[in-house]
$ cat start36.cif   # mmCIF, C-alpha atoms
data_structure
loop_
_atom_site.label_atom_id
_atom_site.label_comp_id
_atom_site.auth_asym_id
_atom_site.auth_seq_id
_atom_site.Cartn_x
_atom_site.Cartn_y
_atom_site.Cartn_z
CA MET A 1 14.49 23.53 32.94
CA ASN A 2 16.40 20.23 32.76
CA CYS A 3 18.53 18.90 29.90
CA TYR A 4 15.69 16.74 28.52
CA LYS A 5 13.32 19.73 28.30
CA PHE A 6 16.12 21.77 26.77
CA GLU A 7 16.61 19.18 23.98
CA GLU A 8 12.86 19.09 23.34
CA ASN A 9 12.75 22.86 22.83
CA ILE A 10 15.82 23.41 20.66
CA SER A 11 13.91 23.72 17.37
CA ALA A 12 11.21 25.90 18.91
CA PHE A 13 13.97 28.16 20.23
CA ILE A 14 15.60 28.37 16.80
CA ASP A 15 12.23 29.10 15.14
CA GLY A 16 11.47 31.75 17.77
CA GLU A 17 8.35 29.92 18.87
CA LEU A 18 9.03 29.73 22.61
CA THR A 19 6.92 31.75 24.99
CA GLN A 20 8.61 34.52 26.95
CA SER A 21 8.87 32.48 30.17
CA LEU A 22 10.14 29.33 28.37
CA ARG A 23 12.67 31.39 26.48
CA ILE A 24 14.06 32.81 29.72
CA GLU A 25 14.29 29.29 31.23
CA PHE A 26 15.90 27.97 28.05
CA THR A 27 18.52 30.73 27.96
CA HIS A 28 19.20 30.34 31.65
CA HIS A 29 19.81 26.59 31.25
CA LYS A 30 22.02 27.21 28.21
CA GLU A 31 24.26 29.47 30.28
CA GLN A 32 24.39 26.99 33.15
CA CYS A 33 24.86 23.70 31.22
CA GLU A 34 27.94 23.35 29.06
CA ASN A 35 26.71 20.18 27.29
CA CYS A 36 23.40 21.70 26.26
CA ASN A 37 25.11 24.88 25.15
CA GLY A 38 27.43 22.79 22.95
CA GLN A 39 24.50 20.80 21.59
CA LEU A 40 22.68 23.97 20.55
CA ASP A 41 25.81 25.24 18.79
CA ASP A 42 26.17 21.89 16.97
CA ILE A 43 22.56 21.97 15.79
CA LEU A 44 22.93 25.55 14.56
CA SER A 45 26.05 24.72 12.55
CA LEU A 46 24.32 21.55 11.22
CA LEU A 47 21.50 23.73 9.89
CA VAL A 48 24.00 25.97 8.14
CA ASP A 49 25.67 22.91 6.55
CA LEU A 50 22.32 21.43 5.51
CA LYS A 51 21.35 24.66 3.75
CA GLY A 52 24.68 24.61 1.94
CA LEU A 53 23.96 21.10 0.63
CA GLY A 54 21.30 22.16 -1.82
CA LYS A 55 23.65 22.98 -4.65
CA ILE A 56 23.09 20.26 -7.21
CA THR A 57 21.18 20.40 -10.45
CA SER A 58 19.99 17.95 -13.05
CA SER A 59 22.35 16.44 -15.57
CA GLY A 60 22.37 17.85 -19.11
CA GLY A 61 20.17 15.19 -20.69
CA PHE A 62 17.44 15.30 -18.10
CA VAL A 63 14.91 17.44 -19.96
CA SER A 64 15.51 15.87 -23.39
CA SER A 65 15.21 12.39 -21.89
CA LEU A 66 11.94 13.37 -20.20
CA GLN A 67 10.61 14.83 -23.44
CA ASP A 68 11.46 11.58 -25.24
CA ARG A 69 9.49 9.65 -22.64
CA ILE A 70 6.51 11.99 -23.07
CA GLU A 71 6.70 11.61 -26.85
CA ASP A 72 6.81 7.81 -26.52
CA TYR A 73 3.82 7.97 -24.22
CA ASN A 74 1.84 10.08 -26.67
CA ASN A 75 2.69 7.77 -29.57
CA THR A 76 1.77 4.58 -27.77
CA LYS A 77 -1.33 5.94 -26.09
CA GLU A 78 -3.98 3.34 -26.91
CA ASN A 79 -7.71 3.49 -26.89
CA TYR A 80 -9.90 1.40 -24.59
CA ILE A 81 -10.50 -1.49 -27.04
CA GLN A 82 -6.79 -1.76 -27.85
CA ARG A 83 -5.95 -1.96 -24.16
CA LEU A 84 -8.74 -4.49 -23.57
CA SER A 85 -7.43 -6.71 -26.37
CA LYS A 86 -4.09 -6.87 -24.57
CA VAL A 87 -5.58 -8.22 -21.35
CA ARG A 88 -4.50 -11.84 -20.70
CA PRO A 89 -6.81 -13.42 -18.13
CA PHE A 90 -4.93 -16.35 -16.51
CA GLY A 91 -2.42 -16.14 -19.32
CA PHE A 92 -5.01 -16.90 -22.05
CA ARG A 93 -5.52 -14.82 -25.15
CA PRO A 94 -8.91 -13.05 -25.18
CA ALA A 95 -10.43 -15.52 -27.74
CA ALA A 96 -9.20 -18.55 -25.82
CA ALA A 97 -10.40 -17.07 -22.55
CA ILE A 98 -13.88 -16.51 -24.01
CA GLY A 99 -13.89 -20.14 -25.32
CA VAL A 100 -12.96 -21.56 -21.92
CA ALA A 101 -15.58 -19.41 -20.20
CA ALA A 102 -18.26 -20.58 -22.70
CA ALA A 103 -17.28 -24.24 -22.17
CA ILE A 104 -17.59 -23.87 -18.40
CA CYS A 105 -21.02 -22.26 -18.82
CA LEU A 106 -22.22 -25.07 -21.12
CA LEU A 107 -21.02 -27.72 -18.69
CA THR A 108 -22.82 -26.05 -15.81
CA ILE A 109 -26.10 -25.68 -17.73
CA SER A 110 -26.06 -29.29 -19.03
CA SER A 111 -25.34 -30.63 -15.52
CA PHE A 112 -28.25 -28.65 -14.19
CA LEU A 113 -30.63 -29.98 -16.88
CA LEU A 114 -29.48 -33.58 -16.43
CA PHE A 115 -30.14 -33.62 -12.71
CA GLN A 116 -33.52 -31.97 -12.74
CA GLU A 117 -36.27 -33.42 -10.47
CA GLU A 118 -38.06 -35.45 -13.25
CA ALA A 119 -34.93 -37.43 -13.96
CA ILE A 120 -34.52 -38.74 -10.40
CA PRO A 121 -36.78 -41.64 -9.12
CA GLU A 122 -39.15 -40.60 -6.37
CA PHE A 123 -38.35 -41.89 -2.94
CA ASP A 124 -40.50 -40.83 -0.02
CA THR A 125 -38.22 -40.87 2.94
CA THR A 126 -41.00 -39.91 5.35
CA LYS A 127 -42.37 -43.42 5.17
CA TYR A 128 -39.34 -44.90 6.84
CA SER A 129 -37.97 -44.37 10.24
CA GLN A 130 -34.32 -43.80 10.72
CA ASN A 131 -33.57 -47.45 11.75
CA GLY A 132 -35.30 -48.91 8.66
CA SER A 133 -38.41 -50.26 10.41
CA VAL A 134 -41.84 -49.88 8.74
CA LEU A 135 -44.01 -46.95 9.77
CA GLN A 136 -47.80 -47.15 10.20
CA ASN A 137 -50.23 -44.86 8.42
CA SER A 138 -51.65 -42.65 11.08
CA SER A 139 -55.14 -42.61 9.56
CA SER A 140 -55.84 -46.29 8.78
CA GLY A 141 -53.42 -47.94 11.14
CA GLU A 142 -52.31 -50.14 8.24
CA LEU A 143 -48.74 -50.75 7.40
CA SER A 144 -47.47 -48.95 4.36
CA GLU A 145 -46.01 -51.27 1.76
CA PRO A 146 -43.55 -49.68 -0.62
CA ILE A 147 -42.74 -51.79 -3.67
CA GLY A 148 -39.56 -53.75 -3.48
CA ASN A 149 -38.97 -52.99 0.18
CA PRO A 150 -37.56 -56.06 2.03
CA ILE A 151 -39.27 -54.99 5.23
CA ALA A 152 -42.63 -54.92 3.42
CA SER A 153 -42.16 -58.43 1.96
CA ARG A 154 -41.38 -59.76 5.44
CA HIS A 155 -44.60 -58.12 6.57
CA ASP A 156 -46.45 -60.00 3.74
CA SER A 157 -45.14 -63.34 4.91
CA ILE A 158 -46.15 -62.61 8.53
CA ASN A 159 -49.66 -61.73 7.32
CA GLY A 160 -49.86 -64.98 5.33
CA LEU A 161 -48.77 -67.02 8.38
CA THR A 162 -51.45 -65.39 10.54
CA ASP A 163 -54.10 -66.23 7.93
CA SER A 164 -52.99 -69.90 7.81
CA LEU A 165 -53.06 -70.10 11.60
CA ASP A 166 -56.66 -68.73 11.55
CA ILE A 167 -57.76 -71.46 9.07
CA ILE A 168 -56.14 -74.18 11.19
CA ARG A 169 -57.66 -72.70 14.30
CA LYS A 170 -61.18 -72.80 12.70
CA ARG A 171 -60.78 -76.37 11.43
CA TYR A 172 -59.46 -77.88 14.62
CA ASP A 173 -61.09 -75.51 17.03
CA ASP A 174 -63.04 -78.26 18.78
CA GLN A 175 -59.99 -80.45 19.12
CA ILE A 176 -57.70 -77.90 20.52
CA GLN A 177 -57.40 -77.70 24.21
CA THR A 178 -55.68 -74.84 25.73
CA VAL A 179 -53.05 -75.94 28.15
CA GLY A 180 -54.06 -75.36 31.72
CA HIS A 181 -57.79 -74.91 30.86
CA LYS A 182 -60.56 -77.44 30.88
CA LYS A 183 -62.53 -77.69 27.63
CA THR A 184 -66.11 -76.58 28.15
CA LYS A 185 -69.01 -77.33 25.79
CA MET B 1 0.96 37.20 -19.25
CA PRO B 2 4.24 35.29 -19.81
CA ASP B 3 4.47 31.78 -18.35
CA TYR B 4 7.21 32.65 -15.88
CA GLN B 5 4.94 35.19 -14.18
CA LEU B 6 2.16 32.70 -13.57
CA THR B 7 1.69 30.93 -10.25
CA ASP B 8 2.22 27.17 -10.03
CA GLU B 9 -1.53 26.65 -9.75
CA GLU B 10 -2.22 28.77 -12.83
CA LEU B 11 0.37 26.78 -14.77
CA ILE B 12 -1.13 23.39 -13.93
CA SER B 13 -4.58 24.79 -14.69
CA ARG B 14 -3.37 25.84 -18.14
CA PHE B 15 -1.79 22.45 -18.66
CA GLN B 16 -5.04 20.75 -17.67
CA ASN B 17 -6.71 22.80 -20.41
CA GLY B 18 -4.25 21.53 -23.01
CA ASP B 19 -1.42 24.08 -22.91
CA VAL B 20 1.71 21.91 -23.20
CA ARG B 21 4.03 24.92 -22.84
CA ALA B 22 2.76 25.31 -19.28
CA PHE B 23 4.05 21.81 -18.53
CA ASP B 24 7.50 22.78 -19.82
CA GLN B 25 7.46 25.70 -17.43
CA ILE B 26 6.52 23.37 -14.58
CA ILE B 27 9.50 21.14 -15.40
CA TYR B 28 11.78 24.16 -15.53
CA ARG B 29 10.57 25.42 -12.16
CA PHE B 30 10.63 22.21 -10.19
CA LYS B 31 13.20 19.84 -11.64
CA ASP B 32 16.20 20.98 -9.59
CA ARG B 33 14.27 21.28 -6.35
CA LEU B 34 12.86 17.79 -6.79
CA ILE B 35 16.21 16.31 -7.75
CA ILE B 36 17.81 17.74 -4.59
CA PHE B 37 14.95 16.37 -2.49
CA VAL B 38 15.07 12.87 -3.99
CA TYR B 39 18.86 12.79 -4.18
CA ARG B 40 19.19 13.63 -0.48
CA PHE B 41 16.60 10.95 0.26
CA LEU B 42 18.19 8.18 -1.83
CA GLY B 43 21.83 9.22 -1.90
CA ASN B 44 22.14 8.41 -5.61
CA GLN B 45 21.83 11.09 -8.31
CA GLU B 46 21.13 8.76 -11.23
CA ARG B 47 18.23 7.12 -9.43
CA ALA B 48 17.07 10.49 -8.17
CA GLU B 49 16.82 11.77 -11.77
CA ASP B 50 14.84 8.68 -12.78
CA ILE B 51 12.45 9.21 -9.89
CA VAL B 52 11.98 12.88 -10.77
CA GLN B 53 11.30 11.90 -14.39
CA ASP B 54 8.72 9.40 -13.14
CA THR B 55 7.20 12.17 -11.03
CA PHE B 56 6.81 14.45 -14.05
CA MET B 57 5.41 11.57 -16.10
CA LYS B 58 2.80 10.99 -13.39
CA VAL B 59 1.89 14.66 -13.50
CA TYR B 60 1.64 14.46 -17.29
CA THR B 61 -0.50 11.32 -17.37
CA HIS B 62 -2.65 12.16 -14.32
CA LYS B 63 -2.90 15.92 -14.72
CA HIS B 64 -6.62 15.92 -14.00
CA SER B 65 -6.09 14.25 -10.61
CA TYR B 66 -4.89 17.57 -9.25
CA ARG B 67 -7.60 19.72 -7.70
CA GLU B 68 -6.86 23.21 -6.51
CA ILE B 69 -7.51 22.42 -2.85
CA ALA B 70 -3.80 22.17 -2.06
CA LYS B 71 -0.73 23.91 -3.41
CA PHE B 72 0.57 22.37 -6.60
CA SER B 73 4.07 22.07 -5.10
CA THR B 74 2.63 20.04 -2.22
CA TRP B 75 1.04 17.62 -4.68
CA LEU B 76 4.29 17.36 -6.62
CA TYR B 77 6.41 16.73 -3.52
CA THR B 78 3.91 14.12 -2.32
CA ILE B 79 4.23 12.20 -5.60
CA ALA B 80 8.03 12.46 -5.59
CA GLY B 81 8.20 11.46 -1.91
CA ASN B 82 6.03 8.39 -2.46
CA LEU B 83 8.07 7.28 -5.46
CA ALA B 84 11.32 7.90 -3.57
CA ARG B 85 10.13 5.80 -0.62
CA THR B 86 9.18 2.95 -2.94
CA GLU B 87 12.57 3.17 -4.64
CA LEU B 88 14.38 3.20 -1.29
CA ARG B 89 12.55 0.01 -0.26
CA LYS B 90 13.52 -1.62 -3.58
CA MET B 91 17.13 -0.53 -3.12
CA LYS B 92 17.22 -1.97 0.38
CA ARG B 93 15.75 -5.25 -0.89
CA ARG B 94 18.35 -5.47 -3.61
CA LYS B 95 20.98 -4.73 -0.99
CA THR B 96 22.71 -2.36 -3.31
CA TYR B 97 22.31 0.36 -0.80
CA SER B 98 25.59 0.44 1.04
CA LEU B 99 28.08 2.93 2.30
CA SER B 100 30.35 1.95 -0.56
CA ASP B 101 27.98 3.91 -2.84
CA LEU B 102 29.20 6.95 -1.02
CA SER B 103 32.89 6.44 -1.45
CA TYR B 104 35.25 9.21 -2.36
CA ASP B 105 34.45 8.70 -6.03
CA ASP B 106 30.80 9.41 -5.43
CA LYS B 107 29.00 10.55 -8.55
CA GLU B 108 27.74 13.72 -6.97
CA TYR B 109 31.24 15.07 -6.92
CA ASP B 110 32.23 13.82 -10.36
CA ILE B 111 29.64 15.65 -12.38
CA PRO B 112 30.27 19.33 -12.98
CA VAL B 113 26.92 20.54 -11.75
CA ILE B 114 27.94 21.74 -8.31
CA LYS B 115 27.39 25.43 -8.68
CA ASP B 116 29.26 26.53 -5.60
CA PRO B 117 32.79 27.27 -6.88
CA SER B 118 34.10 28.01 -3.38
CA SER B 119 33.44 24.53 -2.04
CA SER B 120 36.59 23.43 -0.29
CA LEU B 121 37.70 19.88 0.45
CA GLU B 122 36.60 20.32 4.06
CA LYS B 123 33.19 21.47 2.93
CA ARG B 124 32.88 18.52 0.60
CA ASN B 125 33.82 16.15 3.38
CA ILE B 126 31.16 17.64 5.63
CA GLY B 127 28.66 17.28 2.80
CA LYS B 128 29.60 13.65 2.33
CA SER B 129 29.37 12.93 6.06
CA ILE B 130 25.96 14.57 6.21
CA GLN B 131 24.76 12.44 3.29
CA ILE B 132 26.01 9.26 5.01
CA ALA B 133 24.26 10.31 8.23
CA LEU B 134 21.07 11.15 6.31
CA ASN B 135 21.10 7.68 4.75
CA GLU B 136 21.19 6.20 8.24
CA LEU B 137 18.25 8.25 9.43
CA PRO B 138 14.74 6.63 9.48
CA ALA B 139 12.69 7.61 6.40
CA ASP B 140 10.14 9.71 8.32
CA PHE B 141 12.78 11.87 9.97
CA LYS B 142 14.84 12.06 6.80
CA THR B 143 11.93 13.32 4.67
CA MET B 144 11.10 16.05 7.14
CA ILE B 145 14.69 17.17 7.66
CA ILE B 146 15.23 17.41 3.89
CA LEU B 147 11.99 19.30 3.32
CA ARG B 148 12.56 21.71 6.19
CA ASP B 149 16.32 22.25 6.40
CA ILE B 150 17.38 21.75 2.77
CA GLN B 151 14.25 22.65 0.80
CA GLU B 152 13.19 25.26 3.37
CA LEU B 153 9.48 24.47 3.14
CA SER B 154 7.06 25.68 5.79
CA TYR B 155 5.80 23.38 8.54
CA GLU B 156 2.29 23.66 7.04
CA ASP B 157 3.48 22.46 3.62
CA ILE B 158 5.48 19.59 5.15
CA SER B 159 2.45 18.60 7.19
CA ARG B 160 0.36 18.37 4.00
CA ILE B 161 3.05 16.50 2.06
CA VAL B 162 3.68 13.82 4.67
CA GLY B 163 0.08 13.77 5.91
CA VAL B 164 0.72 14.23 9.64
CA PRO B 165 -0.28 17.08 12.00
CA ILE B 166 1.99 20.13 12.31
CA GLY B 167 2.78 19.32 15.95
CA THR B 168 4.08 15.89 14.93
CA VAL B 169 6.12 17.48 12.11
CA LYS B 170 7.75 19.91 14.54
CA SER B 171 8.62 17.28 17.12
CA ARG B 172 9.97 14.88 14.46
CA ILE B 173 12.11 17.62 12.95
CA ASN B 174 13.53 18.42 16.38
CA ARG B 175 14.26 14.75 17.12
CA GLY B 176 15.55 14.24 13.58
CA ARG B 177 18.07 17.04 13.96
CA LEU B 178 19.30 15.58 17.25
CA LYS B 179 19.58 12.09 15.72
CA LEU B 180 21.41 13.48 12.70
CA GLN B 181 23.82 15.37 14.94
CA ASN B 182 24.53 12.20 16.98
CA LEU B 183 25.05 10.17 13.78
CA LEU B 184 27.50 12.79 12.50
CA LYS B 185 29.46 12.52 15.75
CA LYS B 186 29.58 8.72 15.40
CA ILE B 187 30.69 8.93 11.77
CA GLY B 188 33.31 11.46 12.72
CA GLY B 189 31.93 14.23 10.56
CA ARG B 190 32.21 16.63 13.51
#

$ encode --input "start36.cif" --output "structure tokens"
Amino acid sequence: MNCYKFEENISAFIDGELTQSLRIEFTHHKEQCENCNGQLDDILSLLVDLKGLGKITSSGGFVSSLQDRIEDYNNTKENYIQRLSKVRPFGFRPAAAIGVAAAICLLTISSFLLFQEEAIPEFDTTKYSQNGSVLQNSSSGELSEPIGNPIASRHDSINGLTDSLDIIRKRYDDQIQTVGHKKTK
Amino acid sequence: MPDYQLTDEELISRFQNGDVRAFDQIIYRFKDRLIIFVYRFLGNQERAEDIVQDTFMKVYTHKHSYREIAKFSTWLYTIAGNLARTELRKMKRRKTYSLSDLSYDDKEYDIPVIKDPSSSLEKRNIGKSIQIALNELPADFKTMIILRDIQELSYEDISRIVGVPIGTVKSRINRGRLKLQNLLKKIGGR
């Protein structure tokens, strides 16, 4: 047994919990090593001193003071409603706290009612592409024309110009000669 | 059967059923033991008495929290130990916990409650040195040394009070004793 193992087993030796073989090793080391022998003696005398320390008692007024505290506790013991009435949520008194909570609820409900779906103008975003150009109806191939849309009004003017060009084309059809082609009749 | 013949568990059971006299008997049985325990832990008798009063108040107000699955004394020491640890932390924060509290005029030696009439000056000095060394010891080691070597509780009871396995209790007590012995040598108590 070395000194480290000896230290580790001091309490077990004192308590008589070492096995026979360990006890023999422990005793053998104790006889061989002066330091460890001295350490064991020190620990044994420390235990004697520690046991001798337990000689203090309570002061005279201890029990009467405790009984006063118990009496105070019994006198001030409140029921559930009394304790609840003393709760101060966020520093408010219970009535004020209930008022604030009711106000917050009212505000939330009125906001919800105000911004319901009927109150907001309908706007079909599916008709417009992301860059703002006009989409075509897949079924008819016609351009959709939302009211008040600047893209749609530009589309109107393009349509009108095409119509005018058609009228001019019909009226002067015989006089128009396509460049690079010979007029045939 | 008179109250003093009842076991601790029978007393608390009676108190749980409304017998206030049983609580008085509990105070009578445990007050000194608890005061020694807390005093050795804190190193201040006045605070130790306050903590023990708080412990009894907790027992009084939470009497139904005790179930007879552990010894009543274990429950009581656990409450006192927890309160003492909290108080020690507070004391350290307030920085009022200094060696000057343990000067020659220490309160322990002023009050006439030391029952041992044969205590010599040398003995008192050893006691004072041990208390200074105990104050320097880490809380875990200190609790176990007090419970084992001053209160003389069993390893099983200490294990339940501090909530660690018996093997850990034994090894901490062994290391605690060695640390305490080294501290005493440094202080010059030996």

$ interface_residues --input "start36.cif" --of "chain A" --to "chain B" --cutoff "9 Å" --atoms "all atoms listed in the file" --output "ChimeraX atom specification"
/A:7-12,39,42-43,46-59,62-63,65-66,69-70,73

$ residues_around --input "start36.cif" --residues "Cys3 of chain A" --least-positions-apart "6" --cutoff "9 Å" --atoms "all atoms listed in the file" --output "VMD selection string"
chain A and resid 29 33 35 to 36

$ atom_distance --input "start36.cif" --atom1 "atom CA of Tyr4 of chain A" --atom2 "atom CA of Gly163 of chain B"
27.6 Å

$ atom_distance --input "start36.cif" --atom1 "atom CA of Ala97 of chain A" --atom2 "atom CA of Ile109 of chain A"
18.5 Å

$ resolve_selection --input "start36.cif" --expression "the PyMOL selection byres ((chain B and resi 11) around 10)" --output "PyMOL selection string"
chain B and resi 3-10+12-17+19-26+72

$ resolve_selection --input "start36.cif" --expression "the PyMOL selection byres ((chain B and resi 77) around 10)" --output "PyMOL selection string"
chain B and resi 30+33-34+37-38+52+55+72-76+78-83+147+157-158+160-162

$ atom_distance --input "start36.cif" --atom1 "atom CA of Gly99 of chain A" --atom2 "atom CA of Lys86 of chain A"
16.5 Å

$ closest_residue --input "start36.cif" --among "A:Phe13, A:Gly60, A:Ile24, A:Ile167" --to "Leu40 of chain A" --atoms "all atoms listed in the file"
A:Phe13
